[in-house]
$ cat coords10.cif   # mmCIF, C-alpha atoms
data_my_file
#
loop_
_atom_site.label_atom_id
_atom_site.label_comp_id
_atom_site.auth_asym_id
_atom_site.auth_seq_id
_atom_site.Cartn_x
_atom_site.Cartn_y
_atom_site.Cartn_z
CA MET A 866 121.72 106.77 115.88
CA ARG A 867 122.66 105.78 112.37
CA GLY A 868 119.05 104.65 112.05
CA GLU A 869 117.93 108.28 111.98
CA ILE A 870 119.98 108.94 108.85
CA ASP A 871 118.50 105.84 107.23
CA GLN A 872 115.05 107.12 108.15
CA LEU A 873 115.74 110.43 106.39
CA LEU A 874 117.14 108.63 103.34
CA PHE A 875 113.92 106.60 103.29
CA LEU A 876 111.89 109.84 103.31
CA ILE A 877 113.70 111.44 100.39
CA ASP A 878 113.85 108.20 98.39
CA THR A 879 110.16 107.36 98.68
CA ALA A 880 109.27 110.96 97.84
CA TYR A 881 111.44 110.80 94.74
CA ASP A 882 111.68 107.34 93.20
CA HIS A 883 111.22 104.43 95.62
CA VAL A 884 107.92 102.61 96.01
CA SER A 885 105.61 104.88 97.98
CA TRP A 886 102.28 104.20 99.62
CA HIS A 887 100.76 107.68 99.21
CA GLY A 888 100.62 107.42 95.41
CA THR A 889 102.84 108.61 92.65
CA ASN A 890 106.22 110.00 93.67
CA LEU A 891 108.03 112.74 91.79
CA ARG A 892 110.01 110.53 89.41
CA GLY A 893 106.97 108.36 88.79
CA SER A 894 104.90 111.42 87.91
CA ILE A 895 107.16 112.29 84.96
CA ARG A 896 107.70 108.77 83.67
CA GLY A 897 106.69 108.62 80.00
CA VAL A 898 105.97 112.36 79.82
CA THR A 899 106.84 113.82 76.40
CA PRO A 900 108.42 117.24 75.85
CA ALA A 901 105.08 118.50 74.52
CA GLN A 902 103.26 117.34 77.65
CA ALA A 903 106.00 118.79 79.83
CA ALA A 904 105.78 122.16 78.08
CA TRP A 905 101.99 122.52 78.28
CA ARG A 906 100.65 125.30 80.55
CA PRO A 907 97.16 125.29 82.00
CA GLY A 908 96.97 129.08 81.63
CA PRO A 909 99.04 132.22 81.21
CA ARG A 910 101.80 132.65 83.80
CA ARG A 911 101.21 129.13 85.11
CA HIS A 912 104.05 126.68 85.51
CA ASN A 913 104.32 123.64 83.31
CA ILE A 914 105.63 120.18 84.25
CA TRP A 915 109.03 121.02 82.81
CA GLU A 916 109.42 124.02 85.11
CA LEU A 917 108.28 122.00 88.13
CA VAL A 918 111.02 119.46 87.37
CA VAL A 919 113.76 122.10 87.24
CA HIS A 920 112.30 123.80 90.34
CA ALA A 921 112.47 120.50 92.27
CA ALA A 922 116.06 119.97 91.06
CA TYR A 923 116.95 123.47 92.24
CA TRP A 924 115.64 122.88 95.78
CA LYS A 925 117.46 119.56 96.01
CA TYR A 926 120.57 121.50 95.02
CA VAL A 927 119.86 124.13 97.69
CA ALA A 928 119.46 121.43 100.35
CA TRP A 929 122.72 119.81 99.19
CA ARG A 930 124.51 123.17 99.27
CA ARG A 931 123.33 123.94 102.79
CA LEU A 932 124.23 120.49 104.07
CA THR A 933 127.70 120.55 102.56
CA GLY A 934 128.45 124.24 103.07
CA ALA A 935 129.23 124.65 99.36
CA ALA A 936 129.31 128.16 97.95
CA ARG A 937 126.29 129.65 96.23
CA GLY A 938 126.13 129.85 92.49
CA SER A 939 127.07 126.32 91.51
CA PHE A 940 123.63 125.29 90.19
CA ALA A 941 123.68 124.30 86.54
CA GLU A 942 121.47 127.27 85.61
CA ASP A 943 121.69 131.00 86.25
CA GLY A 944 119.02 132.28 88.60
CA SER A 945 117.08 130.64 91.38
CA ASN A 946 113.81 128.97 92.30
CA TRP A 947 111.93 129.06 88.95
CA PHE A 948 113.45 128.71 85.49
CA VAL A 949 111.56 129.31 82.27
CA ARG A 950 111.16 126.12 80.24
CA PRO A 951 111.36 125.02 77.55
CA THR A 952 114.11 127.05 75.97
CA ASP A 953 114.55 124.16 73.55
CA LYS A 954 111.58 121.85 72.92
CA SER A 955 113.62 118.80 71.90
CA VAL A 956 113.50 115.38 73.49
CA ALA A 957 117.19 115.78 74.30
CA ALA A 958 116.55 119.01 76.22
CA TRP A 959 113.72 117.42 78.23
CA LYS A 960 115.85 114.37 78.99
CA ALA A 961 118.71 116.61 80.06
CA ASP A 962 116.51 118.35 82.62
CA VAL A 963 115.13 115.03 83.89
CA ALA A 964 118.73 113.83 84.21
CA MET A 965 119.60 117.02 86.11
CA LEU A 966 116.82 116.21 88.58
CA GLY A 967 118.21 112.68 89.00
CA ASP A 968 121.72 114.02 89.53
CA ALA A 969 120.47 116.54 92.08
CA HIS A 970 118.74 113.72 93.96
CA ARG A 971 121.85 111.53 93.94
CA THR A 972 124.16 114.26 95.20
CA LEU A 973 121.62 115.24 97.87
CA ARG A 974 121.40 111.61 98.90
CA GLU A 975 125.19 111.40 99.29
CA ALA A 976 125.16 114.53 101.42
CA VAL A 977 122.37 113.17 103.64
CA ALA A 978 124.23 109.87 104.07
CA ALA A 979 127.33 111.79 105.15
CA VAL A 980 125.55 113.79 107.90
CA ASN A 981 126.70 112.87 111.39
CA HIS A 982 123.56 111.91 113.31
CA ARG A 983 124.80 114.04 116.24
CA ASP A 984 124.48 117.12 114.01
CA LEU A 985 120.91 116.46 112.87
CA ASP A 986 119.39 119.04 115.23
CA ARG A 987 122.17 121.63 115.16
CA ALA A 988 121.45 124.88 113.32
CA LEU A 989 123.13 124.99 109.94
CA ALA A 990 124.02 128.66 110.30
CA ARG A 991 124.13 131.28 112.97
CA ASN A 992 120.73 132.99 113.49
CA SER A 993 118.99 130.17 111.63
CA ARG A 994 116.46 127.66 112.88
CA THR A 995 117.16 125.37 109.95
CA THR A 996 118.72 122.09 110.99
CA PRO A 997 119.75 119.19 108.75
CA ARG A 998 116.71 117.23 109.94
CA ARG A 999 114.29 120.06 109.07
CA LEU A 1000 115.97 120.69 105.75
CA ILE A 1001 115.95 117.05 104.64
CA THR A 1002 112.39 116.47 105.81
CA GLY A 1003 111.24 119.63 104.05
CA VAL A 1004 112.84 118.79 100.72
CA ALA A 1005 111.33 115.29 100.77
CA TYR A 1006 107.76 116.57 101.09
CA HIS A 1007 108.45 119.31 98.56
CA ASP A 1008 108.88 116.53 95.97
CA VAL A 1009 105.55 114.96 96.94
CA TYR A 1010 103.72 118.31 96.88
CA HIS A 1011 104.76 118.91 93.28
CA ALA A 1012 104.20 115.28 92.25
CA GLY A 1013 100.52 115.76 93.12
CA GLN A 1014 100.42 118.85 90.94
CA ILE A 1015 102.12 117.11 88.01
CA GLN A 1016 99.52 114.36 88.18
CA LEU A 1017 96.80 117.01 87.90
CA LEU A 1018 98.57 118.79 85.03
CA LYS A 1019 98.71 115.54 83.05
CA ARG A 1020 95.02 114.92 83.66
CA LEU A 1021 94.04 118.46 82.67
CA ARG A 1022 95.88 118.22 79.36
CA SER A 1023 94.49 114.83 78.35
CA MET B 39 112.97 115.81 117.26
CA TYR B 40 111.68 113.47 114.55
CA VAL B 41 108.06 113.82 115.66
CA GLN B 42 108.50 117.58 116.00
CA SER B 43 109.96 117.91 112.50
CA LEU B 44 107.04 115.97 111.01
CA GLU B 45 104.52 118.03 112.98
CA GLU B 46 106.10 121.21 111.61
CA GLU B 47 105.80 119.87 108.08
CA TYR B 48 102.16 118.92 108.65
CA LYS B 49 101.45 122.45 109.84
CA ARG B 50 103.28 123.95 106.86
CA TYR B 51 100.98 122.11 104.48
CA LYS B 52 97.89 122.78 106.58
CA ALA B 53 98.65 126.50 106.27
CA LEU B 54 99.30 126.25 102.52
CA GLY B 55 95.95 124.53 102.03
CA GLU B 56 94.17 127.15 104.13
CA ALA B 57 95.95 130.02 102.37
CA ALA B 58 94.77 128.64 99.02
CA ILE B 59 91.19 128.06 100.18
CA ALA B 60 91.02 131.55 101.72
CA GLN B 61 91.48 133.10 98.28
CA LEU B 62 88.53 131.31 96.70
CA SER B 63 84.90 132.26 96.37
CA ASP B 64 82.45 129.89 98.06
CA GLU B 65 81.33 128.71 94.64
CA HIS B 66 84.82 127.58 93.68
CA LEU B 67 85.09 125.33 96.75
CA SER B 68 82.66 122.88 95.16
CA THR B 69 83.51 123.44 91.47
CA PRO B 70 84.87 120.28 89.82
CA ALA B 71 88.42 120.50 88.52
CA PRO B 72 88.58 121.32 84.80
CA GLY B 73 87.84 118.12 82.90
CA GLY B 74 85.54 116.84 85.63
CA GLY B 75 88.16 116.01 88.25
CA ASN B 76 87.80 116.24 92.02
CA SER B 77 86.72 119.57 93.44
CA ILE B 78 88.59 121.15 96.32
CA ALA B 79 85.68 120.07 98.56
CA ALA B 80 86.22 116.44 97.50
CA ILE B 81 89.95 116.66 98.17
CA VAL B 82 89.30 118.26 101.57
CA TRP B 83 86.77 115.53 102.41
CA HIS B 84 89.32 112.90 101.43
CA VAL B 85 92.28 114.41 103.31
CA ALA B 86 90.23 115.13 106.43
CA GLY B 87 88.50 111.75 106.28
CA ASN B 88 91.85 110.03 106.06
CA LEU B 89 93.34 112.00 108.96
CA GLU B 90 90.31 111.52 111.20
CA SER B 91 90.24 107.79 110.55
CA ARG B 92 93.97 107.23 110.96
CA PHE B 93 94.50 109.34 114.05
CA THR B 94 91.37 108.81 116.14
CA ASP B 95 92.53 106.38 118.85
CA PHE B 96 95.75 106.18 116.84
CA ARG B 97 97.65 103.81 119.13
CA THR B 98 94.80 101.52 120.11
CA SER B 99 92.58 100.92 117.10
CA ASP B 100 92.94 100.15 113.42
CA GLY B 101 93.61 103.27 111.32
CA GLU B 102 90.89 102.41 108.83
CA LYS B 103 87.78 102.90 110.94
CA PRO B 104 84.54 101.04 110.26
CA TRP B 105 82.71 104.40 110.22
CA ARG B 106 84.87 105.81 107.43
CA ASN B 107 83.30 105.73 103.97
CA ARG B 108 86.27 106.46 101.74
CA ASP B 109 84.36 106.24 98.47
CA ALA B 110 81.82 108.80 99.66
CA GLU B 111 84.65 111.31 100.21
CA PHE B 112 84.95 111.65 96.42
CA GLU B 113 81.25 112.12 95.74
CA THR B 114 80.18 115.37 94.14
CA ARG B 115 79.10 117.73 96.90
CA THR B 116 78.18 121.36 97.28
CA VAL B 117 79.38 122.71 100.59
CA SER B 118 79.50 126.03 102.36
CA ARG B 119 82.77 127.47 103.56
CA SER B 120 81.85 126.75 107.17
CA GLU B 121 81.05 123.11 106.39
CA LEU B 122 84.33 122.75 104.57
CA THR B 123 86.27 124.39 107.39
CA GLU B 124 84.57 122.20 109.98
CA LYS B 125 85.42 119.02 108.05
CA TRP B 126 89.01 120.11 107.48
CA GLU B 127 89.55 121.03 111.12
CA ARG B 128 88.03 117.78 112.39
CA GLY B 129 90.64 115.79 110.50
CA TRP B 130 93.48 118.00 111.64
CA ARG B 131 92.31 117.95 115.27
CA ALA B 132 92.53 114.17 115.30
CA LEU B 133 96.02 114.26 113.82
CA LEU B 134 97.43 117.05 116.00
CA GLY B 135 95.93 115.49 119.11
CA ALA B 136 97.62 112.17 118.36
CA LEU B 137 100.94 113.86 117.60
CA SER B 138 100.86 115.79 120.86
CA SER B 139 101.07 112.56 122.83
CA LEU B 140 103.86 111.03 120.74
CA THR B 141 107.57 111.19 121.41
CA ASP B 142 110.50 109.91 119.39
CA ALA B 143 110.68 106.97 121.80
CA ASP B 144 107.35 105.72 120.45
CA LEU B 145 108.38 105.60 116.82
CA GLN B 146 109.44 101.98 116.68
CA GLN B 147 106.15 100.76 118.13
CA THR B 148 103.47 99.61 115.78
CA VAL B 149 99.95 100.61 114.85
CA THR B 150 97.65 98.78 112.47
CA ILE B 151 96.11 100.10 109.28
CA ARG B 152 93.69 97.79 107.49
CA ARG B 153 94.88 95.03 109.85
CA GLN B 154 98.51 95.41 108.70
CA PRO B 155 101.06 96.30 111.38
CA LEU B 156 103.10 99.36 110.62
CA ARG B 157 105.81 101.15 112.60
CA ILE B 158 104.64 104.53 113.83
CA ASP B 159 107.39 106.40 111.98
CA GLN B 160 106.32 104.75 108.75
CA ALA B 161 102.64 105.44 109.42
CA LEU B 162 103.43 109.13 109.98
CA HIS B 163 105.51 109.34 106.84
CA ARG B 164 102.78 107.73 104.75
CA SER B 165 100.19 110.06 106.18
CA LEU B 166 102.24 113.21 105.73
CA ALA B 167 103.12 112.26 102.14
CA HIS B 168 99.44 111.61 101.40
CA THR B 169 98.44 114.96 102.90
CA THR B 170 101.20 116.89 101.14
CA TYR B 171 100.32 115.33 97.79
CA HIS B 172 96.70 116.44 98.04
CA VAL B 173 97.49 119.89 99.44
CA GLY B 174 99.62 120.38 96.32
CA GLN B 175 96.49 119.68 94.32
CA ILE B 176 94.34 122.06 96.39
CA VAL B 177 96.86 124.84 95.78
CA PHE B 178 97.05 123.98 92.08
CA LEU B 179 93.26 124.11 91.63
CA ALA B 180 92.94 127.30 93.63
CA LYS B 181 95.51 128.93 91.36
CA GLN B 182 93.60 127.69 88.36
CA PHE B 183 90.38 129.24 89.63
CA ARG B 184 91.93 132.53 90.72
CA ALA B 185 94.11 132.90 87.61
CA GLU B 186 95.57 136.43 87.49
CA ARG B 187 94.12 137.31 90.90
CA TRP B 188 96.12 134.62 92.69
CA ASN B 189 98.28 135.78 95.60
CA CYS B 190 101.45 133.70 95.43
CA LEU B 191 102.06 131.59 98.57
CA SER B 192 105.80 131.20 98.16
CA ILE B 193 108.53 133.45 96.81
CA PRO B 194 106.77 135.77 94.33
CA LEU B 195 107.80 135.61 90.69
CA GLY B 196 110.85 137.78 90.19
CA GLY B 197 111.56 137.93 93.91
CA SER B 198 113.96 135.02 94.23
CA ARG B 199 117.17 137.02 94.16
CA ALA B 200 115.97 139.44 96.83
CA TYR B 201 114.65 136.58 98.93
CA ASN B 202 117.96 134.72 98.72
CA GLU B 203 119.77 137.75 100.09
CA SER B 204 117.61 137.59 103.19
CA PRO B 205 115.77 134.28 103.53
CA ARG B 206 113.23 134.75 106.32
CA ASN B 207 110.76 131.96 105.77
CA GLU B 208 112.95 128.89 105.83
CA SER B 209 111.41 127.17 108.82
CA PRO B 210 108.06 125.44 108.25
CA GLY B 211 106.39 127.72 110.81
CA ALA B 212 107.68 130.91 109.19
CA HIS B 213 106.70 129.60 105.78
CA ALA B 214 103.19 128.83 107.05
CA ARG B 215 102.76 132.32 108.53
CA ALA B 216 104.08 133.96 105.37
CA ALA B 217 101.74 131.92 103.15
CA LEU B 218 98.71 132.93 105.19
CA ALA B 219 99.79 136.59 105.11
CA ARG B 220 100.22 136.47 101.33
CA ALA B 221 96.79 134.89 100.94
CA ARG B 222 95.41 137.95 102.70
CA GLY B 223 97.27 140.12 100.20
CA GLU B 224 99.70 141.42 102.80
CA GLY B 225 102.64 140.83 100.46
CA SER B 226 105.08 139.45 103.01
CA THR B 227 108.11 137.76 101.51
#
$ encode --input "coords10.cif" --output "structure tokens"
Amino acid sequence: MRGEIDQLLFLIDTAYDHVSWHGTNLRGSIRGVTPAQAAWRPGPRRHNIWELVVHAAYWKYVAWRRLTGAARGSFAEDGSNWFVRPTDKSVAAWKADVAMLGDAHRTLREAVAAVNHRDLDRALARNSRTTPRRLITGVAYHDVYHAGQIQLLKRLRS
Amino acid sequence: MYVQSLEEEYKRYKALGEAAIAQLSDEHLSTPAPGGGNSIAAIVWHVAGNLESRFTDFRTSDGEKPWRNRDAEFETRTVSRSELTEKWERGWRALLGALSSLTDADLQQTVTIRRQPLRIDQALHRSLAHTTYHVGQIVFLAKQFRAERWNCLSIPLGGSRAYNESPRNESPGAHARAALARARGEGST
């Protein structure tokens, strides 16, 4: 049913930037955050808000890549999973990474909308248990998981 | 498959919460967050209280039970590990019991929460998002308390490239098992 795709779009949108009941979603958690707030670490070797944002963008990219079958290596940054931030403490650099997160969400959204509902429970690769449904559901709650952490990081710094 | 995929995600975050709590001393379970925020015990009381209320008699009674005292969940409390585990498990038992009797055919039916009707798929999504959000905070605080002694629950720092060559923990169940193994210091990737 087409309704299943709409349901999955609802999941990723409320986790990212649509009104959500559970509390602050990922985009809401970084609204108004300054580069200095984003760069603050609660301790050595701990991630800051900035790194959580790029990490979330990366996993949206990974979900998009798996859904579309695109080749590896097309993420905007070299490396994977975690990326050291900031490399440039300017407002422009922070805004660029927030925009990258927004772009990653939009392209993921397009890929989810294009999934044929008949393929939702088919493995994405041989020898894999990952299906489009599992992948999309997982990336939605990944946003929420880190949104909760960003809320705590803001509180700890204030 | 929708109910199954949500159940797998619930279990992923249950395991992440447990893998974080397993690394802490008993004292840290009740220690307020730096700056006077909620302790892990308070978050556990809130998550478990929410799950128990929502999913006890899930289909036939309002999700906000008259016996739930939400405000009390956030009160400062000193608890033992066994008390914390018992509270946590009570919430999860209610949830997993309710999920076990649900099928995708039930998702368009409604339940009520605070007298408002809500489709079951929406109620599950709200609940899972709420749980995930707070498990993220449990993991964050546990890392804060453990500092350098923290056993990473996901891909260890510097291990991304190797993991990408052979991703073994992509399913929620595999991720959950790996997180619990890492919490025990077994170093599984």
$ interface_residues --input "coords10.cif" --of "chain A" --to "chain B" --cutoff "6 Å" --atoms "all atoms listed in the file" --output "ChimeraX atom specification"
/A:887,999,1009-1010,1013-1014
$ closest_residue --input "coords10.cif" --among "A:Ala1005, A:Ala978, A:Ala957, A:Leu966" --to "A:His920" --atoms "only C-alpha atoms"
A:Leu966
$ atom_distance --input "coords10.cif" --atom1 "atom CA of A:Pro907" --atom2 "atom CA of A:Leu1017"
10.2 Å
$ resolve_selection --input "coords10.cif" --expression "the PyMOL selection byres ((chain A and resi 995) around 12)" --output "ChimeraX atom specification"
/A:928,931-932,984-994,996-1003 /B:43,46,205-212
$ resolve_selection --input "coords10.cif" --expression "the PyMOL selection byres ((chain B and resi 118-130) around 10)" --output "PyMOL selection string"
chain B and resi 48-49+52+55-56+59-60+62-65+67-68+78-94+115-117+131-136
$ atom_distance --input "coords10.cif" --atom1 "atom CA of B:Arg222" --atom2 "atom CA of B:Pro70"
24.3 Å
$ residues_around --input "coords10.cif" --residues "A:Leu917" --least-positions-apart "5" --cutoff "9 Å" --atoms "only C-alpha atoms" --output "PDB file with C-alpha atoms, keeping the file's coordinate frame"
ATOM      1  CA  HIS A 912     104.050 126.680  85.510  1.00  0.00           C
ATOM      2  CA  ALA A 922     116.060 119.970  91.060  1.00  0.00           C
ATOM      3  CA  TRP A 947     111.930 129.060  88.950  1.00  0.00           C
ATOM      4  CA  PHE A 948     113.450 128.710  85.490  1.00  0.00           C
ATOM      5  CA  HIS A1011     104.760 118.910  93.280  1.00  0.00           C
ATOM      6  CA  ALA A1012     104.200 115.280  92.250  1.00  0.00           C
ATOM      7  CA  GLN A1014     100.420 118.850  90.940  1.00  0.00           C
ATOM      8  CA  ILE A1015     102.120 117.110  88.010  1.00  0.00           C
TER       9      ILE A1015
END
$ closest_residue --input "coords10.cif" --among "A:Tyr923, A:Trp905, A:Tyr1006, A:Trp929" --to "A:Leu891" --atoms "all atoms listed in the file"
A:Tyr1006
$ atom_distance --input "coords10.cif" --atom1 "atom CA of B:Gln154" --atom2 "atom CA of B:Ser99"
11.7 Å
$ closest_residue --input "coords10.cif" --among "A:Ala903, A:Val956, A:Ala979, A:Leu876" --to "A:Leu1018" --atoms "only C-alpha atoms"
A:Ala903
$ resolve_selection --input "coords10.cif" --expression "the PyMOL selection byres ((chain A and resi 970) around 10)" --output "count of residues only"
22
$ closest_residue --input "coords10.cif" --among "A:Leu1021, A:Val898, A:Val927, A:Ile914" --to "A:Ala941" --atoms "only C-alpha atoms"
A:Val927
$ closest_residue --input "coords10.cif" --among "A:Ser885, A:Gln872, A:Gln902, A:Asn946" --to "A:Arg1020" --atoms "all atoms listed in the file"
A:Gln902
